[in-house]
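Have a look at the structure below, then the notes.
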Amino acid sequence: MLDETHDPSLRSWVESANRPDADFPIQNLPFATFRRPEAENPVLGVAIGDQVLDVTEAFGIDSIETLMSAPRGRRAELRRRISRFLSRPSSAAETMLTPMASAELLLPCEIRDYTDFYASIHHATNVGRMFRPDSPLLPNYKWLPVAYHGRASSVVVSGTPVRRPWGQTAENPAGPPIYGPSRRLDYELELGMFTGPGNAIGEPIPMDHAAGHMVGVCLLNDWSARDIQTWEYQPLGPFLSKSFATSISPWVVTMEALEPFRCAGESRPESDPQPLPHLSPGAADAFDITLEAWLRSARMQEPMRVSRSNVSSLYWTLAQMVTHHSSNGCPMRTGGLIGSGTVSGPGKENRGCLLEMTWRGTEPLELPTGEVRRFLEDGDEVILRGWCEAPGFRRIGLGDCRGVITG
């Protein structure tokens with residue numbers, strides 16, 4: 001629901017928040033867990049311009065888990081209080097700010113569970129065409145949001161180096177395999193979403209209650225070892241090819257901040273089946289969020305943009321993912337992380353991973369230095385970025401999510 005916090009004319013006494021290109025104007029107010037310089041314990045913070053406000057000191061909220069477990073109305077009320085606090089100058093409040101450049105940004109919370117979906121029909125179709133040209137989508141795709149359970153213990157915050165994984169690979173589909181470092185290491189451009197209060201085991205979350213269990217979003221890079229994945233995924237799906245690292249941005253952009261950017265999403269073709277009643281979406285359950293993937297090799301001065309796509313093109317919405325996930329009675333716990341799966345669009349410039357962008361390595365990506373990339377090399381840095389824009393509202397950003405490949 002829109003309220004005073006979305007007013008595009010609202011300004012903060014933190015001047016850096018008022019710049020037109022600011023990711024974190026007062027209309028955003030994303031949460032993070034951070035440590036102030038020379039402090040021992042982490043605290044809850046909110047981004048405002050190039051500063052981080054200590055919400056623990058200002059409002060007595062001890063952790064982001066406390067916020068996530070609260071009902072949606074209470075979270076919205078805290079947002080209004082923070083917005084008023086940052087729009088009215090106070091000399092005492094200035095002592096509660098830390099320059100973002102000197103703050104130690106941590107994982108937003110303990111990742112209780114991690115599930116990664118496969119919600120982009122463009123991504124699923126592209127990958128399917130590589131392996132099943134005659135029938136790229138499996139029969140269940142248009143009936144349910146396909147997903148796999150990821151590894152919560154290997155979710156890391158942006159900036160954490162990503163070590164190239166070792167595993168079994170095989171050039172021949174029949175084997176035998178060898179054990180060694182992955183040579184087809186890839187990124188995946190995704191949106192992450194944190195779950196809130198949760199449900200009791202055996203009690204599904206219906207679609208009209210799903211919004212209350214969605215706290216906010218972040219950028220997510222589901223690093224993937226494609227050669228390990230090809231050998232291991234049959235018959236049960238990804239395992240070691242995914243569980244070595246998943247990077248997320250430190251900022252939790254709240255669902256309240258995203259309200260102005262709700263939209264109907266990409267329309268299903270009339271020939272496609274409509275969702276079963278328990279997955280029937282609302283009129284504006286999708287979100288207009290632009291995502292970009294950038295790549296910088298060790299020889300490059302500046303990164304180059306590889307792709308741009310939009311979350312509104314997903315075949316399945318975040319609310320449908322929550323409802324489907326819990327539809328068998330699975331409990332969604334506070335601090336759970338849901339990934340959208342690679343967000344791709346209809347054009348080549350919208351492909352959200354190198355597997356698609358280079359078409360399994362057959363169409364190498366040319367870098368400004370003259371280098372080419374089929375998959376990631378040691379020293380490569382991948383940077384994910386995201387933002388929202390809509391007429392009559394202030395642009396807000398998701399920050400970025402970075403990771404450098406090490407040998």
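We label chains A, B, ... in the order they appear in the structure tokens, count residues from 1 in each chain, and number ligands from 1 in the order shown.
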
Range 102-109 of chain A surroundings by only C-alpha atoms, 9 Å radius, close-in-sequence under 2 positions cut, as a PyMOL selection string
chain A and resi 31-37+42+44+51-52+63-65+98-100+111-112+155-158+248-252+335

Restricted to C-alpha atoms, what would the selected residues look like written as a CSV table (one decimal), in the first residue's frame?
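Saved file again_26.csv follows:
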```
chain,number,residue,atom,x,y,z
A,31,PHE,CA,18.0,-2.8,5.8
A,32,ALA,CA,21.3,-4.4,6.4
A,33,THR,CA,23.3,-5.9,9.2
A,34,PHE,CA,26.6,-4.0,9.7
A,35,ARG,CA,29.4,-3.4,12.1
A,36,ARG,CA,30.6,0.2,12.9
A,37,PRO,CA,34.3,0.9,12.8
A,42,PRO,CA,26.9,-6.0,14.6
A,44,LEU,CA,20.8,-3.3,12.4
A,51,GLN,CA,25.5,6.6,5.0
A,52,VAL,CA,24.2,3.8,7.2
A,63,SER,CA,18.5,-7.4,14.8
A,64,ILE,CA,17.0,-7.9,11.3
A,65,GLU,CA,15.6,-11.2,12.5
A,98,THR,CA,28.3,5.7,9.6
A,99,PRO,CA,29.8,6.3,6.2
A,100,MET,CA,29.0,3.4,4.0
A,111,ILE,CA,20.3,-17.9,6.2
A,112,ARG,CA,17.9,-20.4,7.7
A,155,VAL,CA,25.5,-18.2,0.9
A,156,VAL,CA,28.0,-15.4,1.2
A,157,VAL,CA,27.8,-11.6,1.2
A,158,SER,CA,28.8,-9.5,-1.8
A,248,ILE,CA,23.9,-11.9,-2.2
A,249,SER,CA,23.9,-8.2,-1.9
A,250,PRO,CA,23.9,-6.9,1.7
A,251,TRP,CA,20.8,-4.7,1.4
A,252,VAL,CA,17.2,-6.0,2.0
A,335,GLY,CA,15.2,-15.6,7.4
```

Taking 3 positions as the minimum chain separation for residues in the same chain, which residues sit within 9 Å of Pro181 in chain A when counting only C-alpha atoms? Answer as a ChimeraX atom specification.
/A:164-169,407

Store the residues of this selection in a file with C-alpha atoms, as an mmCIF file, in the first residue's frame.
```cif
data_model
loop_
_atom_site.group_PDB
_atom_site.id
_atom_site.type_symbol
_atom_site.label_atom_id
_atom_site.label_comp_id
_atom_site.auth_asym_id
_atom_site.auth_seq_id
_atom_site.Cartn_x
_atom_site.Cartn_y
_atom_site.Cartn_z
ATOM 1 C CA ARG A 164 36.685 -22.257 -8.304
ATOM 2 C CA PRO A 165 35.066 -25.565 -7.285
ATOM 3 C CA TRP A 166 36.404 -29.046 -7.977
ATOM 4 C CA GLY A 167 34.162 -31.910 -8.934
ATOM 5 C CA GLN A 168 33.498 -34.735 -11.358
ATOM 6 C CA THR A 169 33.149 -33.863 -15.037
ATOM 7 C CA GLY A 407 41.830 -20.455 -8.395
#
```

When DSSP works through the backbone of this structure, what residues of range 42-265 of chain A end up as strand (DSSP E or B), shown as JSON, numbers by chain?
{"A": [43, 44, 45, 46, 47, 48, 51, 52, 53, 54, 97, 98, 99, 104, 105, 114, 115, 116, 117, 147, 148, 149, 155, 156, 157, 162, 163, 166, 167, 168, 169, 178, 179, 180, 181, 185, 186, 189, 190, 191, 192, 193, 194, 195, 214, 215, 216, 217, 218, 219, 220, 221, 224, 225, 246, 247, 248, 252, 253, 254, 262, 263]}

Could you pull the residues within 6 Å of range 208-224 of chain A, counting only C-alpha atoms, minus those fewer than 3 positions along the same chain, as a list in words?
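Counting only the stated atoms, we get Arg72, Leu185, Asp186, Tyr187, Glu188, Leu189, Glu190, Leu191, Gly192, Met193, Phe194, Thr195, Gly196, Pro197, Ser241, Lys242, Thr246, Ser247, Ile248, Ser249, Val252, Val253, Thr254, Met255 and Ala319 of chain A.
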
Output of the above residues as a short mmCIF file (atom, residue, chain, number, x, y, z; two decimals), in the first residue's frame, restricted to N, CA and C atoms:
```cif
data_model
loop_
_atom_site.label_atom_id
_atom_site.label_comp_id
_atom_site.auth_asym_id
_atom_site.auth_seq_id
_atom_site.Cartn_x
_atom_site.Cartn_y
_atom_site.Cartn_z
N ARG A 72 3.47 -7.80 8.92
CA ARG A 72 3.70 -6.82 7.86
C ARG A 72 3.35 -5.40 8.29
N LEU A 185 32.72 -22.47 -15.41
CA LEU A 185 32.15 -21.76 -14.28
C LEU A 185 31.32 -20.58 -14.78
N ASP A 186 30.15 -20.39 -14.20
CA ASP A 186 29.18 -19.43 -14.70
C ASP A 186 28.58 -18.64 -13.53
N TYR A 187 27.97 -17.51 -13.85
CA TYR A 187 27.16 -16.75 -12.90
C TYR A 187 25.70 -16.91 -13.30
N GLU A 188 24.81 -16.54 -12.39
CA GLU A 188 23.38 -16.46 -12.70
C GLU A 188 22.82 -15.18 -12.10
N LEU A 189 22.24 -14.36 -12.94
CA LEU A 189 21.64 -13.08 -12.55
C LEU A 189 20.26 -13.33 -11.98
N GLU A 190 20.11 -13.13 -10.67
CA GLU A 190 18.86 -13.48 -10.01
C GLU A 190 18.41 -12.40 -9.03
N LEU A 191 17.16 -12.48 -8.66
CA LEU A 191 16.61 -11.72 -7.54
C LEU A 191 16.42 -12.67 -6.38
N GLY A 192 16.88 -12.26 -5.20
CA GLY A 192 16.62 -13.02 -3.98
C GLY A 192 15.50 -12.38 -3.18
N MET A 193 14.81 -13.19 -2.39
CA MET A 193 13.73 -12.67 -1.55
C MET A 193 13.77 -13.36 -0.18
N PHE A 194 13.67 -12.56 0.89
CA PHE A 194 13.70 -13.09 2.25
C PHE A 194 12.29 -13.31 2.77
N THR A 195 12.10 -14.44 3.44
CA THR A 195 10.79 -14.77 4.00
C THR A 195 10.67 -14.24 5.42
N GLY A 196 9.43 -13.98 5.83
CA GLY A 196 9.17 -13.33 7.11
C GLY A 196 8.67 -14.24 8.19
N PRO A 197 7.48 -13.95 8.77
CA PRO A 197 7.03 -14.68 9.96
C PRO A 197 6.97 -16.19 9.77
N SER A 241 27.44 -28.79 -8.07
CA SER A 241 27.62 -27.74 -9.07
C SER A 241 27.06 -26.40 -8.62
N LYS A 242 26.30 -26.41 -7.52
CA LYS A 242 25.66 -25.19 -7.03
C LYS A 242 26.04 -24.85 -5.58
N THR A 246 26.94 -19.04 -3.18
CA THR A 246 25.85 -18.20 -3.69
C THR A 246 26.05 -16.82 -3.07
N SER A 247 26.26 -15.80 -3.89
CA SER A 247 26.52 -14.45 -3.38
C SER A 247 25.23 -13.63 -3.36
N ILE A 248 25.06 -12.85 -2.30
CA ILE A 248 23.91 -11.94 -2.23
C ILE A 248 24.39 -10.55 -1.85
N SER A 249 23.65 -9.53 -2.27
CA SER A 249 23.94 -8.17 -1.85
C SER A 249 23.54 -8.00 -0.39
N VAL A 252 18.58 -5.38 2.10
CA VAL A 252 17.24 -5.96 1.96
C VAL A 252 16.29 -4.82 1.62
N VAL A 253 15.96 -4.70 0.34
CA VAL A 253 15.02 -3.68 -0.11
C VAL A 253 13.62 -4.19 0.19
N THR A 254 12.92 -3.49 1.05
CA THR A 254 11.66 -4.01 1.59
C THR A 254 10.56 -4.06 0.54
N MET A 255 9.61 -4.96 0.76
CA MET A 255 8.46 -5.04 -0.12
C MET A 255 7.66 -3.73 -0.09
N ALA A 319 5.13 -14.25 -5.08
CA ALA A 319 4.03 -14.75 -4.25
C ALA A 319 3.68 -16.19 -4.62
#
```

Under the rule of at most 12 Å, produce a per-residue listing of range 14-105 of chain A near range 374-393 of chain A: chain, number, name, the closest pair of atoms, and the distance in Å, as a Markdown table, using only C-alpha atoms.
```
| residue | atom | partner | partner_atom | distance |
| --- | --- | --- | --- | --- |
| A:Pro20 | CA | A:Phe393 | CA | 11.8 |
| A:Asp21 | CA | A:Trp387 | CA | 10.6 |
| A:Ala22 | CA | A:Trp387 | CA | 10.4 |
| A:Asp23 | CA | A:Trp387 | CA | 7.5 |
| A:Phe24 | CA | A:Trp387 | CA | 10.1 |
| A:Pro25 | CA | A:Phe393 | CA | 11.4 |
| A:Ile26 | CA | A:Phe393 | CA | 11.9 |
| A:Gln27 | CA | A:Phe393 | CA | 8.8 |
| A:Asn28 | CA | A:Cys388 | CA | 10.2 |
```

Hey, can you spit out that residue selection with N, CA and C atoms as a compact mmCIF listing (two decimals), in the first residue's frame?
```txt
# COMPACT_ATOMS: atom_id res chain seq x y z
N PRO A 20 19.92 12.71 -7.72
CA PRO A 20 19.01 11.99 -8.62
C PRO A 20 19.42 10.56 -8.90
N ASP A 21 20.74 10.28 -8.87
CA ASP A 21 21.22 8.95 -9.19
C ASP A 21 21.45 8.08 -7.96
N ALA A 22 21.03 8.54 -6.79
CA ALA A 22 21.27 7.80 -5.56
C ALA A 22 20.48 6.49 -5.56
N ASP A 23 21.15 5.39 -5.21
CA ASP A 23 20.45 4.11 -5.05
C ASP A 23 19.56 4.11 -3.81
N PHE A 24 19.98 4.90 -2.81
CA PHE A 24 19.32 4.82 -1.51
C PHE A 24 18.76 6.18 -1.06
N PRO A 25 17.78 6.70 -1.81
CA PRO A 25 17.09 7.90 -1.35
C PRO A 25 16.20 7.57 -0.17
N ILE A 26 15.56 8.56 0.40
CA ILE A 26 14.70 8.32 1.57
C ILE A 26 13.48 7.48 1.22
N GLN A 27 13.15 7.39 -0.06
CA GLN A 27 12.02 6.54 -0.49
C GLN A 27 12.39 5.05 -0.51
N ASN A 28 13.65 4.70 -0.30
CA ASN A 28 14.09 3.31 -0.35
C ASN A 28 14.19 2.72 1.06
```

Per residue of range 200-273 of chain A within 10 Å of range 145-149 of chain A, note the shortest atom pair and the distance in Å to one decimal, counting only C-alpha atoms, and order the rows by chain and increasing residue number, as CSV.
```
residue,atom,partner,partner_atom,distance
A:Leu236,CA,A:Tyr148,CA,9.5
A:Gly237,CA,A:Tyr148,CA,7.5
A:Pro238,CA,A:Tyr148,CA,7.6
A:Phe239,CA,A:His149,CA,9.1
A:Ser243,CA,A:His149,CA,9.9
```

Looking only at the backbone, which of the residues in range 169-221 of chain A does DSSP tag as helix (DSSP H, G or I), as a list in words?
Met207, Asp208, His209, Ala210, Ala211, Gly212 and His213 of chain A

For the selection just defined, write its residues with N, CA and C atoms to a file, as a PDB file, in the first residue's frame.
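Now in result.pdb:
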```pdb
ATOM      1  N   MET A 207      -2.358 -17.829  -1.471  1.00  0.00           N
ATOM      2  CA  MET A 207      -1.885 -16.708  -2.268  1.00  0.00           C
ATOM      3  C   MET A 207      -2.241 -15.365  -1.638  1.00  0.00           C
ATOM      4  N   ASP A 208      -3.439 -15.251  -1.051  1.00  0.00           N
ATOM      5  CA  ASP A 208      -3.832 -13.960  -0.502  1.00  0.00           C
ATOM      6  C   ASP A 208      -3.151 -13.641   0.826  1.00  0.00           C
ATOM      7  N   HIS A 209      -2.332 -14.566   1.349  1.00  0.00           N
ATOM      8  CA  HIS A 209      -1.547 -14.306   2.555  1.00  0.00           C
ATOM      9  C   HIS A 209      -0.046 -14.265   2.253  1.00  0.00           C
ATOM     10  N   ALA A 210       0.340 -14.562   1.025  1.00  0.00           N
ATOM     11  CA  ALA A 210       1.765 -14.681   0.700  1.00  0.00           C
ATOM     12  C   ALA A 210       2.521 -13.373   0.942  1.00  0.00           C
ATOM     13  N   ALA A 211       1.902 -12.236   0.633  1.00  0.00           N
ATOM     14  CA  ALA A 211       2.579 -10.946   0.783  1.00  0.00           C
ATOM     15  C   ALA A 211       3.035 -10.708   2.217  1.00  0.00           C
ATOM     16  N   GLY A 212       2.288 -11.199   3.186  1.00  0.00           N
ATOM     17  CA  GLY A 212       2.654 -11.020   4.578  1.00  0.00           C
ATOM     18  C   GLY A 212       3.896 -11.782   4.983  1.00  0.00           C
ATOM     19  N   HIS A 213       4.312 -12.738   4.161  1.00  0.00           N
ATOM     20  CA  HIS A 213       5.485 -13.559   4.464  1.00  0.00           C
ATOM     21  C   HIS A 213       6.687 -13.185   3.594  1.00  0.00           C
TER      22      HIS A 213
END
```

Which residue is closest to Phe287 in chain A? Choose from A:Glu349, A:Glu270, A:Glu356, A:Glu259 and count only C-alpha atoms.
A:Glu259

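Taking CA of Ser154 in chain A as the reference point, CA of Tyr315 in chain A is found at 27.3 Å.
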
To one decimal place in Å, what is the distance between CA of Arg75 in chain A and CA of Ser313 in chain A?
28.0 Å

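Counting only C-alpha atoms and comparing A:Leu258, A:Asp288, A:Leu354, A:Glu266, the residue that lies closest to Leu2 in chain A is A:Leu258.
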